[in-house]
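Structure file work-v1.cif (mmCIF, C-alpha atoms and all ligand atoms) follows.
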data_data
loop_
_atom_site.group_PDB
_atom_site.id
_atom_site.type_symbol
_atom_site.label_atom_id
_atom_site.label_comp_id
_atom_site.auth_asym_id
_atom_site.auth_seq_id
_atom_site.Cartn_x
_atom_site.Cartn_y
_atom_site.Cartn_z
ATOM 1 C CA MET A 257 21.847 -9.633 3.220
ATOM 2 C CA ILE A 258 18.882 -7.374 3.776
ATOM 3 C CA THR A 259 20.184 -4.843 1.239
ATOM 4 C CA LYS A 260 19.132 -7.371 -1.370
ATOM 5 C CA TYR A 261 15.537 -6.322 -0.675
ATOM 6 C CA LEU A 262 15.942 -2.736 0.552
ATOM 7 C CA ASP A 263 16.276 0.453 -1.505
ATOM 8 C CA ILE A 264 17.288 3.443 0.595
ATOM 9 C CA THR A 265 17.653 6.696 -1.385
ATOM 10 C CA SER A 266 21.146 8.202 -1.454
ATOM 11 C CA GLU A 267 19.787 11.283 0.332
ATOM 12 C CA LEU A 268 18.634 9.092 3.229
ATOM 13 C CA LYS A 269 21.849 7.052 3.255
ATOM 14 C CA ASN A 270 23.751 10.326 3.663
ATOM 15 C CA ALA A 271 21.383 11.560 6.342
ATOM 16 C CA LEU A 272 21.761 8.269 8.250
ATOM 17 C CA ALA A 273 25.537 8.374 7.990
ATOM 18 C CA ASN A 274 25.606 11.965 9.269
ATOM 19 C CA ASN A 275 23.073 11.406 12.024
ATOM 20 C CA GLN A 276 20.625 13.934 10.553
ATOM 21 C CA PRO A 277 16.989 13.900 11.688
ATOM 22 C CA ILE A 278 14.684 11.643 9.642
ATOM 23 C CA VAL A 279 10.957 10.893 9.958
ATOM 24 C CA ALA A 280 9.421 7.752 8.421
ATOM 25 C CA LEU A 281 5.975 7.890 6.787
ATOM 26 C CA GLU A 282 3.603 5.076 5.816
ATOM 27 C CA SER A 283 1.909 4.570 2.444
ATOM 28 C CA THR A 284 -1.365 2.759 3.269
ATOM 29 C CA ILE A 285 -2.639 6.165 4.368
ATOM 30 C CA ILE A 286 -1.924 7.308 0.785
ATOM 31 C CA SER A 287 -3.438 4.359 -1.098
ATOM 32 C CA HIS A 288 -6.256 3.329 1.243
ATOM 33 C CA GLY A 289 -6.659 6.265 3.619
ATOM 34 C CA MET A 290 -7.661 9.184 1.394
ATOM 35 C CA PRO A 291 -9.144 9.783 -2.092
ATOM 36 C CA TYR A 292 -7.145 11.033 -5.074
ATOM 37 C CA PRO A 293 -5.809 13.713 -5.464
ATOM 38 C CA GLN A 294 -5.963 14.779 -1.779
ATOM 39 C CA ASN A 295 -3.894 11.717 -0.885
ATOM 40 C CA ARG A 296 -1.084 12.695 -3.275
ATOM 41 C CA ASP A 297 -1.176 16.374 -2.309
ATOM 42 C CA THR A 298 -1.137 15.552 1.398
ATOM 43 C CA ALA A 299 1.749 13.079 1.043
ATOM 44 C CA LEU A 300 3.830 15.645 -0.864
ATOM 45 C CA GLU A 301 2.927 18.467 1.516
ATOM 46 C CA VAL A 302 3.867 16.324 4.499
ATOM 47 C CA GLU A 303 7.314 15.757 2.987
ATOM 48 C CA GLN A 304 7.665 19.512 2.398
ATOM 49 C CA ILE A 305 6.708 20.334 5.994
ATOM 50 C CA LEU A 306 9.483 18.026 7.176
ATOM 51 C CA ARG A 307 12.031 19.548 4.817
ATOM 52 C CA ASP A 308 11.062 23.059 5.947
ATOM 53 C CA GLN A 309 11.935 21.951 9.480
ATOM 54 C CA GLY A 310 15.277 20.549 8.368
ATOM 55 C CA VAL A 311 14.155 16.914 8.550
ATOM 56 C CA ILE A 312 14.485 14.329 5.755
ATOM 57 C CA PRO A 313 11.245 12.477 4.937
ATOM 58 C CA ALA A 314 11.356 8.698 4.453
ATOM 59 C CA THR A 315 8.101 7.547 2.906
ATOM 60 C CA VAL A 316 8.001 3.740 2.755
ATOM 61 C CA ALA A 317 6.370 1.446 0.150
ATOM 62 C CA ILE A 318 7.008 -1.768 -1.793
ATOM 63 C CA ILE A 319 7.541 -1.207 -5.491
ATOM 64 C CA SER A 320 8.331 -4.052 -7.895
ATOM 65 C CA GLY A 321 9.494 -6.262 -5.072
ATOM 66 C CA ARG A 322 11.805 -3.674 -3.453
ATOM 67 C CA LEU A 323 11.197 -2.334 0.035
ATOM 68 C CA LYS A 324 11.705 1.354 -0.690
ATOM 69 C CA ILE A 325 12.680 3.856 1.972
ATOM 70 C CA GLY A 326 12.298 7.312 0.467
ATOM 71 C CA LEU A 327 10.056 7.710 -2.559
ATOM 72 C CA ARG A 328 10.203 9.956 -5.606
ATOM 73 C CA ALA A 329 7.212 12.232 -6.310
ATOM 74 C CA GLN A 330 6.225 9.979 -9.242
ATOM 75 C CA GLU A 331 6.169 6.948 -6.959
ATOM 76 C CA ILE A 332 3.927 8.784 -4.496
ATOM 77 C CA ASP A 333 1.659 9.758 -7.376
ATOM 78 C CA TYR A 334 1.558 6.129 -8.540
ATOM 79 C CA LEU A 335 0.486 4.885 -5.095
ATOM 80 C CA ALA A 336 -2.046 7.693 -4.793
ATOM 81 C CA LYS A 337 -3.614 6.941 -8.204
ATOM 82 C CA SER A 338 -3.616 3.176 -7.642
ATOM 83 C CA GLY A 339 -5.624 3.518 -4.423
ATOM 84 C CA SER A 340 -7.011 0.244 -3.118
ATOM 85 C CA GLN A 341 -5.722 -1.573 -6.245
ATOM 86 C CA ILE A 342 -2.394 -1.693 -4.406
ATOM 87 C CA THR A 343 -2.034 -4.460 -1.857
ATOM 88 C CA LYS A 344 -2.259 -3.239 1.718
ATOM 89 C CA ALA A 345 0.929 -4.705 3.137
ATOM 90 C CA SER A 346 1.298 -5.480 6.817
ATOM 91 C CA ARG A 347 3.969 -7.716 8.441
ATOM 92 C CA ARG A 348 2.530 -10.995 7.157
ATOM 93 C CA ASP A 349 2.431 -9.709 3.520
ATOM 94 C CA LEU A 350 6.042 -8.471 3.233
ATOM 95 C CA ALA A 351 7.792 -11.718 2.280
ATOM 96 C CA TYR A 352 5.183 -12.643 -0.323
ATOM 97 C CA LEU A 353 5.204 -9.241 -2.027
ATOM 98 C CA LEU A 354 9.020 -9.038 -2.115
ATOM 99 C CA ALA A 355 9.437 -12.632 -3.313
ATOM 100 C CA GLN A 356 6.804 -12.131 -6.043
ATOM 101 C CA LYS A 357 8.270 -8.741 -7.087
ATOM 102 C CA MET A 358 4.948 -7.031 -6.462
ATOM 103 C CA ASP A 359 3.829 -3.620 -5.147
ATOM 104 C CA GLY A 360 2.457 -2.897 -1.693
ATOM 105 C CA ALA A 361 1.452 0.033 0.482
ATOM 106 C CA THR A 362 2.927 -0.280 3.964
ATOM 107 C CA THR A 363 0.806 -0.104 7.123
ATOM 108 C CA VAL A 364 2.041 1.167 10.467
ATOM 109 C CA ALA A 365 3.408 -2.323 11.256
ATOM 110 C CA SER A 366 5.385 -2.786 8.048
ATOM 111 C CA THR A 367 6.567 0.839 7.993
ATOM 112 C CA MET A 368 7.954 0.323 11.495
ATOM 113 C CA ILE A 369 9.759 -2.800 10.252
ATOM 114 C CA ALA A 370 11.284 -0.858 7.344
ATOM 115 C CA ALA A 371 12.231 2.112 9.532
ATOM 116 C CA ASN A 372 13.900 -0.207 12.032
ATOM 117 C CA LEU A 373 15.867 -1.979 9.289
ATOM 118 C CA ALA A 374 17.160 1.399 8.136
ATOM 119 C CA GLY A 375 17.805 2.712 11.660
ATOM 120 C CA ILE A 376 15.059 5.370 11.618
ATOM 121 C CA ARG A 377 13.517 5.848 15.056
ATOM 122 C CA VAL A 378 10.647 8.319 14.518
ATOM 123 C CA PHE A 379 7.546 7.730 12.410
ATOM 124 C CA ALA A 380 4.524 9.994 11.866
ATOM 125 C CA THR A 381 1.088 8.819 10.777
ATOM 126 C CA GLY A 382 -2.602 9.639 11.223
ATOM 127 C CA GLY A 383 -3.993 6.728 13.201
ATOM 128 C CA ILE A 384 -2.834 3.237 14.125
ATOM 129 C CA GLY A 385 -4.688 -0.066 13.937
ATOM 130 C CA GLY A 386 -5.838 -1.604 17.217
ATOM 131 C CA VAL A 387 -8.302 -3.948 18.863
ATOM 132 C CA HIS A 388 -11.537 -3.841 16.886
ATOM 133 C CA ARG A 389 -14.922 -3.536 18.532
ATOM 134 C CA GLY A 390 -16.288 -7.054 18.917
ATOM 135 C CA ALA A 391 -12.764 -8.536 18.967
ATOM 136 C CA SER A 392 -13.790 -11.096 21.590
ATOM 137 C CA GLU A 393 -15.762 -12.770 18.769
ATOM 138 C CA SER A 394 -13.757 -11.799 15.662
ATOM 139 C CA PHE A 395 -10.223 -11.887 17.113
ATOM 140 C CA ASP A 396 -9.535 -8.836 14.915
ATOM 141 C CA ILE A 397 -6.508 -7.170 16.483
ATOM 142 C CA SER A 398 -4.203 -5.171 14.216
ATOM 143 C CA ALA A 399 -0.648 -6.383 13.680
ATOM 144 C CA ASP A 400 0.325 -2.749 14.423
ATOM 145 C CA LEU A 401 0.026 -3.505 18.137
ATOM 146 C CA GLN A 402 2.468 -6.444 18.063
ATOM 147 C CA GLU A 403 4.863 -4.269 16.091
ATOM 148 C CA LEU A 404 4.634 -1.572 18.765
ATOM 149 C CA ALA A 405 5.347 -4.315 21.297
ATOM 150 C CA ASN A 406 8.508 -5.486 19.520
ATOM 151 C CA THR A 407 10.037 -2.891 17.210
ATOM 152 C CA ASN A 408 12.043 0.109 18.413
ATOM 153 C CA VAL A 409 10.264 2.925 16.609
ATOM 154 C CA ALA A 410 8.312 5.843 18.105
ATOM 155 C CA VAL A 411 4.968 6.418 16.395
ATOM 156 C CA VAL A 412 3.318 9.848 16.445
ATOM 157 C CA CYS A 413 -0.425 9.624 15.761
ATOM 158 C CA ALA A 414 -3.617 11.536 16.540
ATOM 159 C CA GLY A 415 -4.715 8.920 19.033
ATOM 160 C CA ILE A 416 -6.817 5.879 18.298
ATOM 161 C CA LYS A 417 -9.721 6.081 15.916
ATOM 162 C CA ALA A 418 -13.087 5.310 17.452
ATOM 163 C CA ILE A 419 -13.775 2.575 14.852
ATOM 164 C CA LEU A 420 -11.696 0.571 17.349
ATOM 165 C CA ASP A 421 -12.313 -0.436 20.936
ATOM 166 C CA LEU A 422 -10.155 2.193 22.656
ATOM 167 C CA GLU A 423 -10.343 0.584 26.064
ATOM 168 C CA LEU A 424 -9.234 -2.857 24.836
ATOM 169 C CA THR A 425 -6.515 -1.294 22.681
ATOM 170 C CA LEU A 426 -5.101 0.484 25.745
ATOM 171 C CA GLU A 427 -5.223 -2.771 27.741
ATOM 172 C CA TYR A 428 -3.401 -4.607 24.971
ATOM 173 C CA LEU A 429 -0.692 -1.942 24.814
ATOM 174 C CA GLU A 430 -0.315 -2.121 28.584
ATOM 175 C CA THR A 431 0.104 -5.911 28.495
ATOM 176 C CA PHE A 432 2.851 -5.574 25.905
ATOM 177 C CA GLY A 433 4.599 -2.734 27.682
ATOM 178 C CA VAL A 434 4.020 0.034 25.157
ATOM 179 C CA PRO A 435 3.958 3.491 26.772
ATOM 180 C CA VAL A 436 1.130 5.733 25.530
ATOM 181 C CA LEU A 437 2.132 9.387 25.817
ATOM 182 C CA GLY A 438 -0.100 12.415 25.352
ATOM 183 C CA TYR A 439 1.448 15.540 23.875
ATOM 184 C CA LYS A 440 0.198 18.389 26.066
ATOM 185 C CA THR A 441 -2.838 16.331 27.045
ATOM 186 C CA SER A 442 -3.729 13.819 29.731
ATOM 187 C CA GLU A 443 -6.676 12.529 27.692
ATOM 188 C CA LEU A 444 -6.232 10.056 24.849
ATOM 189 C CA PRO A 445 -7.385 11.801 21.664
ATOM 190 C CA ALA A 446 -9.711 9.840 19.366
ATOM 191 C CA PHE A 447 -8.233 10.838 16.004
ATOM 192 C CA TYR A 448 -10.946 13.211 14.709
ATOM 193 C CA SER A 449 -11.705 14.463 18.187
ATOM 194 C CA GLN A 450 -9.510 15.695 20.995
ATOM 195 C CA LYS A 451 -11.518 13.781 23.582
ATOM 196 C CA SER A 452 -12.215 10.093 24.081
ATOM 197 C CA GLY A 453 -12.973 9.734 27.766
ATOM 198 C CA PHE A 454 -9.786 7.662 28.262
ATOM 199 C CA LYS A 455 -6.476 8.719 29.765
ATOM 200 C CA VAL A 456 -3.002 8.382 28.285
ATOM 201 C CA ASN A 457 -0.301 6.919 30.554
ATOM 202 C CA TYR A 458 1.749 10.112 30.763
ATOM 203 C CA GLU A 459 1.334 13.691 29.633
ATOM 204 C CA MET A 460 4.443 15.159 27.986
ATOM 205 C CA GLN A 461 5.103 18.878 27.547
ATOM 206 C CA SER A 462 7.845 18.967 24.937
ATOM 207 C CA ALA A 463 9.631 17.078 22.174
ATOM 208 C CA GLU A 464 12.785 17.064 24.344
ATOM 209 C CA GLU A 465 10.942 15.340 27.155
ATOM 210 C CA ILE A 466 9.675 12.695 24.721
ATOM 211 C CA ALA A 467 13.141 12.214 23.193
ATOM 212 C CA GLU A 468 14.593 11.684 26.676
ATOM 213 C CA LEU A 469 11.997 8.992 27.402
ATOM 214 C CA LEU A 470 12.824 7.234 24.096
ATOM 215 C CA ARG A 471 16.557 7.314 24.806
ATOM 216 C CA THR A 472 15.944 5.940 28.281
ATOM 217 C CA LYS A 473 13.622 3.146 27.110
ATOM 218 C CA TRP A 474 16.031 1.913 24.473
ATOM 219 C CA ALA A 475 19.132 2.354 26.647
ATOM 220 C CA LEU A 476 17.457 -0.008 29.117
ATOM 221 C CA ASN A 477 16.937 -2.534 26.286
ATOM 222 C CA LEU A 478 13.199 -2.291 26.768
ATOM 223 C CA LYS A 479 12.483 -3.317 23.211
ATOM 224 C CA GLY A 480 9.437 -2.025 21.422
ATOM 225 C CA GLY A 481 7.833 1.213 20.367
ATOM 226 C CA VAL A 482 6.211 4.171 22.051
ATOM 227 C CA LEU A 483 2.878 5.635 21.046
ATOM 228 C CA ILE A 484 2.734 9.433 21.062
ATOM 229 C CA ALA A 485 -0.793 10.779 20.848
ATOM 230 C CA ASN A 486 -1.033 14.307 19.479
ATOM 231 C CA PRO A 487 -4.560 15.783 19.509
ATOM 232 C CA VAL A 488 -6.038 17.225 16.304
ATOM 233 C CA PRO A 489 -5.827 21.078 16.415
ATOM 234 C CA THR A 490 -8.815 22.559 18.304
ATOM 235 C CA ASP A 491 -10.383 24.355 15.361
ATOM 236 C CA LYS A 492 -10.136 21.230 13.162
ATOM 237 C CA GLY A 493 -11.543 18.663 15.571
ATOM 238 C CA LEU A 494 -14.951 17.031 15.089
ATOM 239 C CA ASP A 495 -17.587 16.227 17.671
ATOM 240 C CA PHE A 496 -16.972 12.836 19.342
ATOM 241 C CA GLU A 497 -20.709 11.967 19.513
ATOM 242 C CA MET A 498 -21.278 12.811 15.847
ATOM 243 C CA MET A 499 -18.285 10.683 14.845
ATOM 244 C CA ASN A 500 -19.502 7.840 17.038
ATOM 245 C CA SER A 501 -22.888 7.726 15.400
ATOM 246 C CA ALA A 502 -21.255 7.651 11.925
ATOM 247 C CA ILE A 503 -18.980 4.857 13.150
ATOM 248 C CA ASP A 504 -21.903 2.826 14.544
ATOM 249 C CA GLN A 505 -23.608 3.104 11.164
ATOM 250 C CA ALA A 506 -20.421 2.052 9.359
ATOM 251 C CA ILE A 507 -20.015 -0.995 11.612
ATOM 252 C CA THR A 508 -23.646 -2.059 11.062
ATOM 253 C CA GLU A 509 -23.103 -1.790 7.303
ATOM 254 C CA GLU A 510 -19.864 -3.758 7.547
ATOM 255 C CA LYS A 511 -21.610 -6.598 9.392
ATOM 256 C CA ARG A 512 -24.404 -6.655 6.805
ATOM 257 C CA LEU A 513 -21.863 -6.944 3.972
ATOM 258 C CA GLY A 514 -19.781 -9.516 5.855
ATOM 259 C CA ILE A 515 -16.549 -7.511 5.486
ATOM 260 C CA LYS A 516 -13.678 -8.876 7.585
ATOM 261 C CA GLY A 517 -9.911 -9.114 7.924
ATOM 262 C CA LYS A 518 -7.632 -6.608 6.245
ATOM 263 C CA GLU A 519 -10.568 -5.063 4.350
ATOM 264 C CA SER A 520 -12.212 -4.011 7.602
ATOM 265 C CA THR A 521 -10.156 -0.914 8.477
ATOM 266 C CA PRO A 522 -10.175 0.618 4.949
ATOM 267 C CA PHE A 523 -13.926 -0.084 4.645
ATOM 268 C CA LEU A 524 -14.766 1.594 7.966
ATOM 269 C CA LEU A 525 -12.515 4.586 7.260
ATOM 270 C CA GLY A 526 -14.075 5.098 3.816
ATOM 271 C CA LYS A 527 -17.625 4.708 5.116
ATOM 272 C CA VAL A 528 -17.089 7.188 7.951
ATOM 273 C CA LYS A 529 -15.679 9.681 5.477
ATOM 274 C CA ASP A 530 -18.785 9.345 3.258
ATOM 275 C CA LEU A 531 -21.126 9.622 6.226
ATOM 276 C CA THR A 532 -19.480 12.806 7.482
ATOM 277 C CA ASP A 533 -19.490 14.356 4.050
ATOM 278 C CA GLY A 534 -15.790 14.987 3.672
ATOM 279 C CA LEU A 535 -15.578 16.856 6.998
ATOM 280 C CA SER A 536 -13.506 13.972 8.297
ATOM 281 C CA LEU A 537 -11.143 14.226 5.332
ATOM 282 C CA ASP A 538 -10.263 17.839 6.187
ATOM 283 C CA ALA A 539 -9.635 16.864 9.795
ATOM 284 C CA ASN A 540 -7.550 13.893 8.656
ATOM 285 C CA ILE A 541 -5.293 16.098 6.532
ATOM 286 C CA GLU A 542 -4.865 18.728 9.251
ATOM 287 C CA LEU A 543 -4.035 16.222 11.968
ATOM 288 C CA MET A 544 -1.486 14.608 9.676
ATOM 289 C CA PHE A 545 0.308 17.973 9.220
ATOM 290 C CA ASN A 546 0.162 18.484 12.971
ATOM 291 C CA ASN A 547 1.670 15.036 13.678
ATOM 292 C CA VAL A 548 4.473 15.506 11.192
ATOM 293 C CA LYS A 549 5.480 18.793 12.856
ATOM 294 C CA LEU A 550 5.717 17.120 16.256
ATOM 295 C CA ALA A 551 7.585 14.111 14.807
ATOM 296 C CA ALA A 552 10.089 16.511 13.225
ATOM 297 C CA GLU A 553 10.768 18.127 16.605
ATOM 298 C CA ILE A 554 11.202 14.735 18.276
ATOM 299 C CA ALA A 555 13.553 13.528 15.513
ATOM 300 C CA LYS A 556 15.660 16.670 15.963
ATOM 301 C CA ALA A 557 15.706 16.301 19.735
ATOM 302 C CA LEU A 558 16.806 12.644 19.553
HETATM 303 N N1 LIG B 1 -6.189 3.940 11.257
HETATM 304 C C1 LIG B 1 -6.418 5.179 10.806
HETATM 305 N N2 LIG B 1 -6.005 5.512 9.545
HETATM 306 C C2 LIG B 1 -5.337 4.622 8.744
HETATM 307 C C3 LIG B 1 -5.084 3.306 9.237
HETATM 308 C C4 LIG B 1 -5.518 3.023 10.502
HETATM 309 O O1 LIG B 1 -7.020 5.982 11.518
HETATM 310 O O2 LIG B 1 -4.988 4.966 7.595
HETATM 311 C C5 LIG B 1 -4.300 2.320 8.396
HETATM 312 C C6 LIG B 1 -2.835 2.295 8.823
HETATM 313 O O3 LIG B 1 -2.024 2.014 7.692
HETATM 314 C C7 LIG B 1 -2.794 1.132 9.789
HETATM 315 C C8 LIG B 1 -3.754 0.187 9.130
HETATM 316 O O4 LIG B 1 -1.508 0.571 9.970
HETATM 317 O O5 LIG B 1 -4.788 1.005 8.643
HETATM 318 C C9 LIG B 1 -4.285 -0.858 10.090
HETATM 319 O O6 LIG B 1 -4.970 -1.845 9.395
HETATM 320 P P1 LIG B 1 -5.396 -3.190 10.128
HETATM 321 O O7 LIG B 1 -6.396 -2.773 11.151
HETATM 322 O O8 LIG B 1 -5.983 -4.060 9.058
HETATM 323 O O9 LIG B 1 -4.150 -3.733 10.756
HETATM 324 MN MN MN B 2 -7.445 -6.515 11.337
#
Output the file's structure in the form of C-alpha cells.
Amino acid sequence: MITKYLDITSELKNALANNQPIVALESTIISHGMPYPQNRDTALEVEQILRDQGVIPATVAIISGRLKIGLRAQEIDYLAKSGSQITKASRRDLAYLLAQKMDGATTVASTMIAANLAGIRVFATGGIGGVHRGASESFDISADLQELANTNVAVVCAGIKAILDLELTLEYLETFGVPVLGYKTSELPAFYSQKSGFKVNYEMQSAEEIAELLRTKWALNLKGGVLIANPVPTDKGLDFEMMNSAIDQAITEEKRLGIKGKESTPFLLGKVKDLTDGLSLDANIELMFNNVKLAAEIAKAL
C-alpha cells in the first residue's frame, strides 16, 4: 500500500478525517527558490498565516525515503539550510528517491502528486514551471504542466514567471484542458509583475466562485488541475520591462554556461534575483503570503 511510503502527520490525518480546510505547500521553493534564512522564515510564516485563518498547512518533502505531508519546524529548517544540496524532486525523481531512502524537495508536480494521494485539493505556491523560451529547440517543458493536466489539485500561483514562454505555456495548458483563472484580474500576471500582456481564460471575483468551479470540474470527472493566478500586491510588484531585461541577461548567461534540464529553472531564478539586487526576493515573499491567503479562502469555501 501507499502508506508504506507516505508519512502524514497526525494533525493532518485528523483534519482530513474531519473535513477541515488544508492547503498543501511545496518545498523546492524553500531549498532552491530563496536564500537562507529568508527561505526558512518565509516557509514558517506561510504556515502561520494559514493557521491564523483556521487552515492546516501541509508542507511536502521527501525525507529519508518517506514522502512527508506536514513537516516539523526542524525539517523545514533542514531543507532551508541544505539549499540546492537537496535533490529537486519532480515526478520522475520520486520512485528513485523513495527507493534509495534519500531526501528531496518537491516541485509543483510532485507536491500535487503527494496532495492528491492524501486527498488535499488546494495548493499554494509562488510560480509554476512551464514551457521554456526556445522550447522548440530544447524541448524543455516542465513536468508541472502534465501534472496540471492529470492530477486533481488546484494550484494558486502569482502567474507564470517571464523566464518562461508565457504564450506557449498558455497554449499547452489549453491543449490539456487546464483552466487558467485570474483572481480579480482578466490579465495573466507574470509573477513579479501584475501585467504580462496575456489574458487569463476567466476572471473570478471570489474564493466561493473558484470553489464552485472546482467542484463542478471534478463532479464532471474532468480530471486535472486548475491554475489560479493571483497578482502580486500593487505596491510590491516590479516593472515588467525591467524584469524582462534581467531575464534576457540570465538566459544569455545560461546559454553561455550550457545549463540545461532541471538545473535551468533554479539557475534562472537565482540569476534574476542577483540581477535585481534582492528586489525580486521581497516581491517573491510578498506574493507568496498573498497566494497563501487566497488558497486558505478557497480551501475553506470547498
Ligand atoms: N517557478 C517559480 N518559482 C519556483 C519554481 C518555478 O517562479 O520556485 C520551482 C517550482 O518548484 C516548480 C519548479 O515546480 O521550479 C519547476 O522546475 P522545472 O522547470 O525544472 O520543472
Ligand atoms: Mn525543465
Checklist line | Polymer residues at most 9 Å from region 547-555 of chain A, all atoms listed in the file, same-chain spacing of 3 or more positions, as a ChimeraX atom specification | finding: /A:276-279,281,302-303,305-306,309-312,377-382,410-414,439,462-467,485-488,542-544,558
Next item on the list: Take CA of Tyr448 (chain A) and CA of Leu494 (chain A) and report the distance between them in Å, one decimal.
Entry: 5.5 Å
Check: How many Å lie between CA of Glu519 (chain A) and CA of Ala391 (chain A), rounded to one decimal?
Finding: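 CA of Ala391 (chain A) lies at a distance of 15.2 Å from CA of Glu519 (chain A).
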Check: Could you work out how far CA of Val436 (chain A) lies from CA of Arg471 (chain A), giving the answer in Å with one decimal?
Finding: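 Spanning CA of Arg471 (chain A) to CA of Val436 (chain A) is a straight-line distance of 15.5 Å.
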Notebook entry, point to check: For Glu423 (chain A), which of A:Ala371, A:Leu476, A:Leu513, A:Val387 is the closest residue, counting all atoms listed in the file?
Noted result: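 Between A:Ala371, A:Leu476, A:Leu513, A:Val387, the residue approaching Glu423 (chain A) most closely is A:Val387.
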Checklist line | Nearby residues, (-12.2, -9.5, 15.8) file frame, 12 Å, all atoms listed in the file, as a ChimeraX atom specification | finding: /A:386-398,420-421,424,511,515-518,520-521
Checklist line | Contacts to ligand LIG 1 (chain B) at 6 Å cut-off (all atoms listed in the file) as a PyMOL selection string | finding: chain A and resi 284-285+289+363-365+382-385+398-400+417+518+521
Notebook entry, point to check: So which one's closest to ligand MN 2 (chain B), A:Ser266, A:Ser346, A:Asp297, A:Lys479? Using all atoms listed in the file, please.
Noted result: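 When distances to ligand MN 2 (chain B) are compared using all atoms listed in the file, the smallest one comes from A:Ser346.
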Check: From the list A:Thr472, A:Gln505, A:Gln402, A:Thr441, which residue is nearest Leu429 (chain A) when using all atoms listed in the file?
Finding: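 Answer, going by the shortest atom-to-atom distance: A:Gln402.
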Next item on the list: Translate the PyMOL selection byres (((chain A and resi 433) around 12) and not hetatm), as applied to the file shown, into an explicit residue set as number ranges by chain.
Entry: A: 401-407, 426-432, 434-436, 457, 473, 478-483
Check: Got a sec to check which residues sit within 7 Å of (13.4, -3.7, 2.4), counting all atoms listed in the file, and write them as a ChimeraX atom specification?
Finding: /A:258-259,261-263,322-324,370
Next item on the list: Identify, on the basis of all atoms listed in the file, every residue whose closest approach to Thr265 (chain A) does not exceed 10 Å; exclude the query and any residue fewer than 5 positions from it along the same chain; express the result as a list in words.
Entry: Asn270, Ala271, Ala314, Lys324, Ile325, Gly326, Leu327 and Arg328 of chain A
Item checked: 12 Å contact set for Ala506 (chain A), all atoms listed in the file, chain neighbours under 3 positions out, as a count of residues only -> 27
